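Enquirer: Dropping in final11.csv, which is CSV, N, CA and C atoms:
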```
chain,number,residue,atom,x,y,z
A,10,GLN,N,21.3,3.7,-0.9
A,10,GLN,CA,20.3,4.4,-1.6
A,10,GLN,C,18.9,3.8,-1.2
A,11,VAL,N,18.0,4.7,-0.8
A,11,VAL,CA,16.7,4.3,-0.3
A,11,VAL,C,15.9,4.0,-1.6
A,12,GLN,N,15.3,2.9,-1.6
A,12,GLN,CA,14.5,2.5,-2.8
A,12,GLN,C,13.3,1.6,-2.4
A,13,LEU,N,12.2,1.8,-3.1
A,13,LEU,CA,11.0,0.9,-3.0
A,13,LEU,C,10.7,0.5,-4.4
A,14,VAL,N,10.5,-0.8,-4.6
A,14,VAL,CA,10.1,-1.3,-5.9
A,14,VAL,C,8.9,-2.2,-5.7
A,15,GLU,N,7.8,-1.8,-6.5
A,15,GLU,CA,6.6,-2.6,-6.5
A,15,GLU,C,6.6,-3.6,-7.6
A,16,SER,N,5.9,-4.7,-7.4
A,16,SER,CA,5.7,-5.7,-8.4
A,16,SER,C,4.4,-6.4,-8.2
A,17,GLY,N,4.0,-7.2,-9.1
A,17,GLY,CA,2.8,-8.0,-8.9
A,17,GLY,C,1.6,-7.5,-9.6
A,18,GLY,N,1.6,-6.4,-10.3
A,18,GLY,CA,0.5,-5.9,-11.0
A,18,GLY,C,0.2,-6.7,-12.3
A,19,GLY,N,-0.9,-6.4,-12.9
A,19,GLY,CA,-1.2,-7.1,-14.1
A,19,GLY,C,-2.6,-6.9,-14.5
A,20,LEU,N,-3.0,-7.7,-15.5
A,20,LEU,CA,-4.4,-7.7,-16.0
A,20,LEU,C,-5.1,-8.9,-15.4
A,21,VAL,N,-6.3,-8.7,-14.8
A,21,VAL,CA,-7.1,-9.7,-14.2
A,21,VAL,C,-8.5,-9.5,-14.5
A,22,GLN,N,-9.3,-10.5,-14.5
A,22,GLN,CA,-10.7,-10.4,-14.7
A,22,GLN,C,-11.4,-10.0,-13.5
A,23,PRO,N,-12.6,-9.4,-13.6
A,23,PRO,CA,-13.4,-9.0,-12.4
A,23,PRO,C,-13.6,-10.3,-11.5
A,24,GLY,N,-13.4,-10.1,-10.2
A,24,GLY,CA,-13.5,-11.2,-9.3
A,24,GLY,C,-12.2,-11.9,-9.0
A,25,GLY,N,-11.2,-11.5,-9.8
A,25,GLY,CA,-9.9,-12.2,-9.6
A,25,GLY,C,-9.1,-11.6,-8.5
A,26,SER,N,-7.9,-12.1,-8.4
A,26,SER,CA,-7.0,-11.7,-7.3
A,26,SER,C,-5.6,-11.3,-7.8
A,27,LEU,N,-4.9,-10.5,-7.1
A,27,LEU,CA,-3.5,-10.2,-7.3
A,27,LEU,C,-2.8,-9.9,-6.0
A,28,ARG,N,-1.5,-10.2,-5.9
A,28,ARG,CA,-0.7,-9.8,-4.8
A,28,ARG,C,0.4,-8.9,-5.2
A,29,LEU,N,0.3,-7.7,-4.7
A,29,LEU,CA,1.3,-6.7,-4.9
A,29,LEU,C,2.4,-6.8,-3.9
A,30,SER,N,3.6,-6.6,-4.3
A,30,SER,CA,4.8,-6.7,-3.4
A,30,SER,C,5.5,-5.3,-3.5
A,31,CYS,N,6.1,-5.0,-2.3
A,31,CYS,CA,6.9,-3.7,-2.2
A,31,CYS,C,8.2,-4.1,-1.5
A,32,ALA,N,9.2,-4.2,-2.3
A,32,ALA,CA,10.6,-4.5,-1.8
A,32,ALA,C,11.4,-3.3,-1.5
A,33,ALA,N,11.9,-3.3,-0.3
A,33,ALA,CA,12.7,-2.1,0.1
A,33,ALA,C,14.2,-2.4,0.1
A,34,SER,N,15.0,-1.4,-0.2
A,34,SER,CA,16.4,-1.5,-0.1
A,34,SER,C,17.0,-0.2,0.4
A,35,GLY,N,18.1,-0.3,1.0
A,35,GLY,CA,18.8,0.9,1.6
A,35,GLY,C,18.3,1.3,2.9
A,36,PHE,N,17.3,0.7,3.4
A,36,PHE,CA,16.8,1.0,4.8
A,36,PHE,C,15.9,-0.2,5.3
A,37,THR,N,15.7,-0.2,6.6
A,37,THR,CA,15.0,-1.4,7.2
A,37,THR,C,13.5,-1.0,7.3
A,38,LEU,N,12.7,-1.7,6.6
A,38,LEU,CA,11.3,-1.4,6.4
A,38,LEU,C,10.5,-1.5,7.7
A,39,ASP,N,10.9,-2.4,8.6
A,39,ASP,CA,10.0,-2.6,9.7
A,39,ASP,C,9.9,-1.4,10.7
A,40,TYR,N,10.8,-0.5,10.5
A,40,TYR,CA,10.8,0.7,11.4
A,40,TYR,C,10.0,1.8,10.7
A,41,TYR,N,9.3,1.5,9.6
A,41,TYR,CA,8.5,2.5,8.9
A,41,TYR,C,7.1,2.2,8.7
A,42,THR,N,6.3,3.2,8.7
A,42,THR,CA,4.9,3.0,8.3
A,42,THR,C,4.8,2.7,6.8
A,43,ILE,N,4.0,1.8,6.4
A,43,ILE,CA,3.8,1.5,5.0
A,43,ILE,C,2.4,1.8,4.5
A,44,GLY,N,2.4,2.5,3.4
A,44,GLY,CA,1.1,2.8,2.8
A,44,GLY,C,1.0,2.4,1.3
A,45,TRP,N,-0.2,2.0,0.9
A,45,TRP,CA,-0.4,1.7,-0.5
A,45,TRP,C,-1.4,2.8,-1.0
A,46,PHE,N,-1.1,3.4,-2.1
A,46,PHE,CA,-1.9,4.5,-2.7
A,46,PHE,C,-2.2,4.2,-4.1
A,47,ARG,N,-3.3,4.9,-4.5
A,47,ARG,CA,-3.7,4.8,-5.9
A,47,ARG,C,-4.5,6.1,-6.3
A,48,PRO,N,-4.5,6.5,-7.5
A,48,PRO,CA,-5.2,7.7,-7.9
A,48,PRO,C,-6.7,7.5,-7.6
A,49,ALA,N,-7.4,8.6,-7.4
A,49,ALA,CA,-8.9,8.5,-7.2
A,49,ALA,C,-9.4,9.8,-7.8
A,50,PRO,N,-10.7,9.8,-8.1
A,50,PRO,CA,-11.3,11.1,-8.6
A,50,PRO,C,-11.1,12.3,-7.8
A,51,GLY,N,-10.5,13.3,-8.3
A,51,GLY,CA,-10.2,14.5,-7.6
A,51,GLY,C,-8.9,14.4,-6.7
A,52,LYS,N,-8.3,13.3,-6.7
A,52,LYS,CA,-7.1,13.1,-5.9
A,52,LYS,C,-6.0,12.5,-6.7
A,53,GLU,N,-4.8,13.1,-6.6
A,53,GLU,CA,-3.6,12.5,-7.3
A,53,GLU,C,-3.3,11.1,-6.7
A,54,ARG,N,-3.4,11.0,-5.4
A,54,ARG,CA,-3.2,9.7,-4.7
A,54,ARG,C,-4.0,9.6,-3.5
A,55,GLU,N,-4.8,8.5,-3.4
A,55,GLU,CA,-5.6,8.2,-2.3
A,55,GLU,C,-5.1,7.0,-1.5
A,56,GLY,N,-5.1,7.1,-0.2
A,56,GLY,CA,-4.6,6.0,0.6
A,56,GLY,C,-5.6,4.9,0.5
A,57,ALA,N,-5.2,3.8,-0.1
A,57,ALA,CA,-6.0,2.6,-0.1
A,57,ALA,C,-5.9,1.8,1.2
A,58,SER,N,-4.6,1.7,1.7
A,58,SER,CA,-4.4,0.9,2.9
A,58,SER,C,-3.1,1.4,3.5
A,59,CYS,N,-2.9,1.2,4.8
A,59,CYS,CA,-1.6,1.4,5.5
A,59,CYS,C,-1.5,0.5,6.7
A,60,ILE,N,-0.3,0.3,7.1
A,60,ILE,CA,0.0,-0.5,8.3
A,60,ILE,C,1.1,0.2,9.1
A,61,SER,N,0.9,0.2,10.4
A,61,SER,CA,1.8,0.9,11.3
A,61,SER,C,3.2,0.2,11.3
A,62,SER,N,4.2,1.0,11.7
A,62,SER,CA,5.5,0.4,11.8
A,62,SER,C,5.6,-0.5,13.0
A,63,SER,N,6.7,-1.3,13.1
A,63,SER,CA,6.9,-2.2,14.2
A,63,SER,C,7.1,-1.4,15.5
A,64,ASP,N,7.6,-0.2,15.4
A,64,ASP,CA,7.8,0.7,16.6
A,64,ASP,C,6.6,1.3,17.2
A,65,SER,N,5.5,1.3,16.4
A,65,SER,CA,4.3,2.0,16.9
A,65,SER,C,3.6,1.2,18.0
A,66,SER,N,3.1,1.9,19.0
A,66,SER,CA,2.4,1.3,20.1
A,66,SER,C,1.0,0.8,19.7
A,67,ASP,N,0.6,1.2,18.5
A,67,ASP,CA,-0.7,0.8,18.0
A,67,ASP,C,-0.5,0.0,16.7
A,68,GLY,N,-0.4,-1.3,16.7
A,68,GLY,CA,-0.2,-2.1,15.5
A,68,GLY,C,-1.4,-2.2,14.7
A,69,SER,N,-1.8,-1.1,14.1
A,69,SER,CA,-3.1,-1.1,13.4
A,69,SER,C,-2.9,-1.1,11.9
A,70,THR,N,-4.0,-1.3,11.2
A,70,THR,CA,-4.1,-1.2,9.7
A,70,THR,C,-5.3,-0.3,9.4
A,71,TYR,N,-5.2,0.2,8.2
A,71,TYR,CA,-6.3,1.0,7.7
A,71,TYR,C,-6.7,0.6,6.3
A,72,TYR,N,-8.0,0.7,6.0
A,72,TYR,CA,-8.4,0.4,4.6
A,72,TYR,C,-9.5,1.5,4.3
A,73,VAL,N,-9.4,2.0,3.1
A,73,VAL,CA,-10.4,2.9,2.6
A,73,VAL,C,-11.7,2.1,2.4
A,74,ASP,N,-12.8,2.7,2.6
A,74,ASP,CA,-14.1,1.9,2.6
A,74,ASP,C,-14.3,1.1,1.3
A,75,SER,N,-13.8,1.6,0.2
A,75,SER,CA,-14.1,0.9,-1.0
A,75,SER,C,-13.3,-0.4,-1.2
A,76,VAL,N,-12.3,-0.7,-0.3
A,76,VAL,CA,-11.6,-1.9,-0.4
A,76,VAL,C,-11.7,-2.8,0.8
A,77,LYS,N,-12.4,-2.3,1.8
A,77,LYS,CA,-12.5,-3.1,3.1
A,77,LYS,C,-13.2,-4.5,2.8
A,78,GLY,N,-12.6,-5.5,3.4
A,78,GLY,CA,-13.1,-6.8,3.2
A,78,GLY,C,-12.5,-7.5,1.9
A,79,ARG,N,-11.8,-6.7,1.0
A,79,ARG,CA,-11.3,-7.3,-0.2
A,79,ARG,C,-9.8,-7.2,-0.2
A,80,PHE,N,-9.2,-6.2,0.3
A,80,PHE,CA,-7.7,-6.0,0.3
A,80,PHE,C,-7.2,-6.3,1.7
A,81,THR,N,-6.0,-6.9,1.7
A,81,THR,CA,-5.3,-7.1,3.0
A,81,THR,C,-3.8,-6.7,2.9
A,82,ILE,N,-3.4,-5.8,3.8
A,82,ILE,CA,-2.0,-5.3,3.8
A,82,ILE,C,-1.3,-6.2,4.8
A,83,SER,N,0.0,-6.4,4.5
A,83,SER,CA,0.9,-7.2,5.5
A,83,SER,C,2.3,-6.7,5.2
A,84,ARG,N,3.1,-7.2,6.1
A,84,ARG,CA,4.6,-6.9,6.0
A,84,ARG,C,5.3,-8.1,6.4
A,85,ASP,N,6.5,-8.3,5.8
A,85,ASP,CA,7.4,-9.4,6.2
A,85,ASP,C,8.7,-8.8,6.5
A,86,ASN,N,9.0,-8.5,7.8
A,86,ASN,CA,10.2,-7.8,8.1
A,86,ASN,C,11.5,-8.6,7.8
A,87,ALA,N,11.4,-9.9,7.8
A,87,ALA,CA,12.5,-10.7,7.5
A,87,ALA,C,12.9,-10.6,6.0
A,88,LYS,N,11.9,-10.3,5.2
A,88,LYS,CA,12.2,-10.1,3.7
A,88,LYS,C,12.3,-8.6,3.4
A,89,ASN,N,12.1,-7.8,4.4
A,89,ASN,CA,12.2,-6.3,4.2
A,89,ASN,C,11.2,-5.9,3.1
A,90,ALA,N,10.0,-6.4,3.2
A,90,ALA,CA,9.0,-6.2,2.1
A,90,ALA,C,7.6,-6.0,2.7
A,91,ALA,N,6.7,-5.5,2.0
A,91,ALA,CA,5.3,-5.3,2.3
A,91,ALA,C,4.5,-5.8,1.2
A,92,TYR,N,3.2,-6.1,1.5
A,92,TYR,CA,2.4,-6.7,0.5
A,92,TYR,C,1.0,-6.1,0.5
A,93,LEU,N,0.3,-6.2,-0.6
A,93,LEU,CA,-1.1,-5.9,-0.6
A,93,LEU,C,-1.8,-6.9,-1.4
A,94,GLN,N,-2.6,-7.8,-0.7
A,94,GLN,CA,-3.4,-8.8,-1.4
A,94,GLN,C,-4.7,-8.2,-1.8
A,95,LEU,N,-5.0,-8.3,-3.1
A,95,LEU,CA,-6.2,-7.8,-3.7
A,95,LEU,C,-7.1,-8.9,-4.1
A,96,ASN,N,-8.2,-9.0,-3.5
A,96,ASN,CA,-9.2,-10.1,-3.8
A,96,ASN,C,-10.5,-9.4,-4.3
A,97,SER,N,-11.3,-10.2,-5.0
A,97,SER,CA,-12.6,-9.8,-5.5
A,97,SER,C,-12.5,-8.5,-6.2
A,98,LEU,N,-11.5,-8.4,-7.1
A,98,LEU,CA,-11.2,-7.2,-7.8
A,98,LEU,C,-12.4,-6.7,-8.7
A,99,LYS,N,-12.5,-5.4,-8.8
A,99,LYS,CA,-13.6,-4.8,-9.6
A,99,LYS,C,-13.0,-3.9,-10.6
A,100,PRO,N,-13.6,-3.6,-11.7
A,100,PRO,CA,-13.1,-2.7,-12.7
A,100,PRO,C,-12.6,-1.3,-12.1
A,101,GLU,N,-13.4,-0.9,-11.1
A,101,GLU,CA,-13.0,0.4,-10.5
A,101,GLU,C,-11.7,0.4,-9.7
A,102,ASP,N,-11.2,-0.8,-9.5
A,102,ASP,CA,-9.9,-0.9,-8.8
A,102,ASP,C,-8.7,-0.7,-9.8
A,103,THR,N,-9.0,-0.6,-11.0
A,103,THR,CA,-8.0,-0.4,-12.0
A,103,THR,C,-7.2,0.9,-11.7
A,104,ALA,N,-5.9,0.9,-11.6
A,104,ALA,CA,-5.1,2.0,-11.2
A,104,ALA,C,-3.7,1.6,-11.2
A,105,VAL,N,-2.8,2.6,-11.1
A,105,VAL,CA,-1.4,2.4,-10.7
A,105,VAL,C,-1.3,2.4,-9.2
A,106,TYR,N,-0.8,1.4,-8.6
A,106,TYR,CA,-0.7,1.3,-7.2
A,106,TYR,C,0.8,1.6,-6.7
A,107,TYR,N,0.9,2.5,-5.8
A,107,TYR,CA,2.2,2.9,-5.3
A,107,TYR,C,2.3,2.5,-3.8
A,108,CYS,N,3.5,2.0,-3.5
A,108,CYS,CA,3.8,1.8,-2.0
A,108,CYS,C,4.7,3.0,-1.6
A,109,ALA,N,4.5,3.3,-0.3
A,109,ALA,CA,5.3,4.4,0.3
A,109,ALA,C,5.7,4.0,1.7
A,110,ALA,N,6.8,4.6,2.1
A,110,ALA,CA,7.3,4.4,3.5
A,110,ALA,C,7.3,5.8,4.2
A,111,GLY,N,6.9,5.8,5.5
A,111,GLY,CA,6.9,7.0,6.2
A,111,GLY,C,7.3,6.7,7.7
A,112,PRO,N,7.4,7.8,8.5
A,112,PRO,CA,7.9,7.6,9.8
A,112,PRO,C,6.9,6.9,10.7
A,113,THR,N,7.4,6.5,11.9
A,113,THR,CA,6.5,5.9,12.9
A,113,THR,C,5.5,6.9,13.4
A,114,PHE,N,4.3,6.6,13.5
A,114,PHE,CA,3.3,7.5,14.1
A,114,PHE,C,2.8,6.9,15.4
A,115,PRO,N,2.6,7.8,16.4
A,115,PRO,CA,2.3,7.2,17.7
A,115,PRO,C,1.1,6.3,17.7
A,116,ARG,N,0.1,6.7,16.8
A,116,ARG,CA,-1.1,5.9,16.8
A,116,ARG,C,-1.3,5.4,15.4
A,117,GLY,N,-0.9,4.1,15.1
A,117,GLY,CA,-1.3,3.5,13.9
A,117,GLY,C,-0.5,4.1,12.7
A,118,CYS,N,-1.3,4.3,11.6
A,118,CYS,CA,-0.7,4.7,10.4
A,118,CYS,C,-1.6,5.9,9.8
A,119,THR,N,-1.2,6.5,8.8
A,119,THR,CA,-1.9,7.6,8.2
A,119,THR,C,-2.1,7.3,6.7
A,120,TYR,N,-3.2,7.8,6.2
A,120,TYR,CA,-3.5,7.6,4.8
A,120,TYR,C,-3.3,8.9,4.0
A,121,TYR,N,-2.6,9.9,4.6
A,121,TYR,CA,-2.3,11.2,3.9
A,121,TYR,C,-1.0,11.0,3.2
A,122,PRO,N,-0.9,11.1,1.9
A,122,PRO,CA,0.3,10.9,1.1
A,122,PRO,C,1.4,11.8,1.5
A,123,ASP,N,1.2,13.0,1.9
A,123,ASP,CA,2.2,14.0,2.2
A,123,ASP,C,3.0,13.6,3.5
A,124,GLN,N,2.5,12.6,4.2
A,124,GLN,CA,3.2,12.2,5.4
A,124,GLN,C,4.3,11.1,5.1
A,125,TYR,N,4.3,10.7,3.9
A,125,TYR,CA,5.3,9.6,3.5
A,125,TYR,C,6.5,10.2,2.7
A,126,ASP,N,7.6,9.6,3.0
A,126,ASP,CA,8.9,10.2,2.5
A,126,ASP,C,9.4,9.5,1.3
A,127,ALA,N,9.2,8.2,1.2
A,127,ALA,CA,9.8,7.4,0.1
A,127,ALA,C,8.7,6.7,-0.7
A,128,TRP,N,8.9,6.7,-2.0
A,128,TRP,CA,7.8,6.2,-2.9
A,128,TRP,C,8.4,5.2,-3.9
A,129,GLY,N,7.7,4.2,-4.3
A,129,GLY,CA,8.0,3.4,-5.4
A,129,GLY,C,7.6,4.0,-6.7
A,130,GLN,N,7.9,3.3,-7.8
A,130,GLN,CA,7.5,3.8,-9.1
A,130,GLN,C,6.1,3.4,-9.5
A,131,GLY,N,5.5,2.5,-8.8
A,131,GLY,CA,4.1,2.1,-9.1
A,131,GLY,C,4.0,0.8,-9.9
A,132,THR,N,2.9,0.1,-9.8
A,132,THR,CA,2.7,-1.1,-10.6
A,132,THR,C,1.2,-1.0,-11.0
A,133,GLN,N,1.0,-1.3,-12.3
A,133,GLN,CA,-0.3,-1.2,-12.9
A,133,GLN,C,-1.2,-2.4,-12.6
A,134,VAL,N,-2.4,-2.1,-12.1
A,134,VAL,CA,-3.4,-3.1,-12.0
A,134,VAL,C,-4.6,-2.8,-12.9
A,135,THR,N,-4.9,-3.7,-13.8
A,135,THR,CA,-6.0,-3.5,-14.7
A,135,THR,C,-7.0,-4.6,-14.5
A,136,VAL,N,-8.3,-4.3,-14.2
A,136,VAL,CA,-9.3,-5.2,-14.0
A,136,VAL,C,-10.3,-5.1,-15.1
A,137,SER,N,-10.4,-6.1,-16.0
A,137,SER,CA,-11.2,-6.0,-17.1
A,137,SER,C,-11.5,-7.4,-17.7
A,138,SER,N,-12.7,-7.6,-18.2
A,138,SER,CA,-13.1,-8.8,-18.8
A,138,SER,C,-12.7,-8.8,-20.3
```
What does the file become when written as structure tokens?
Expert:
Amino acid sequence: QVQLVESGGGLVQPGGSLRLSCAASGFTLDYYTIGWFRPAPGKEREGASCISSSDSSDGSTYYVDSVKGRFTISRDNAKNAAYLQLNSLKPEDTAVYYCAAGPTFPRGCTYYPDQYDAWGQGTQVTVSS
């Protein structure tokens, strides 16, 4: 059974940090593109960040402008998991964060949610003083 499970969300003060984890079961994550998504105004899910699969010829990452320099995406193939490090958090980062797995793309990764096949249940991040 293909499954993604997020964890690591919580309540944090502005300027604080969290590390979100995405554990995969039922498939090998390193052959998939990984994306982290969250709701945004006018969008059900916005691509916050993504990382290409190990099979991609372009081992790239992507970050939406609002999180560049603050969030870092990574993957640990040995643990069959992916991560999103959230630093310098702002109240506007408050959201449910979802991880998703999609196929290998020839060039890097994609931030379009309809390109992803498997989704986790989400983990809540709340940034508030």
Enquirer: Using only N, CA and C atoms, which of the listed residues (A:Leu27, A:Tyr121, A:Ala127, A:Ala33) sits closest to Gln94 (chain A)?
Expert: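 Of A:Leu27, A:Tyr121, A:Ala127, A:Ala33, the one nearest Gln94 (chain A) is A:Leu27, counting only N, CA and C atoms.
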Enquirer: What is the CA of Pro48 (chain A)-atom C of Val76 (chain A) distance in Å, reported with one decimal?
Expert: 15.1 Å
Enquirer: Identify which of the residues A:Lys88, A:Asp64, A:Cys59, A:Leu20 lies closest to Tyr40 (chain A), counting all atoms listed in the file when measuring atom-to-atom distances.
Expert: A:Asp64
Enquirer: Would you mind telling me which residue in A:Ser58, A:Gln10, A:Ser63, A:Asn96 lies nearest to Cys108 (chain A) when using only C-alpha atoms?
Expert: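 Result for the nearest residue to Cys108 (chain A): A:Ser58.
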Enquirer: How many Å lie between CA of Ala104 (chain A) and CA of Trp45 (chain A), rounded to one decimal?
Expert: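 That distance, rounded to one decimal, is 11.7 Å.
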Enquirer: Can you measure atom N of Lys99 (chain A) to atom C of Gly129 (chain A) for me? One decimal in Å is fine.
Expert: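 Separation between atom N of Lys99 (chain A) and atom C of Gly129 (chain A): 22.3 Å.
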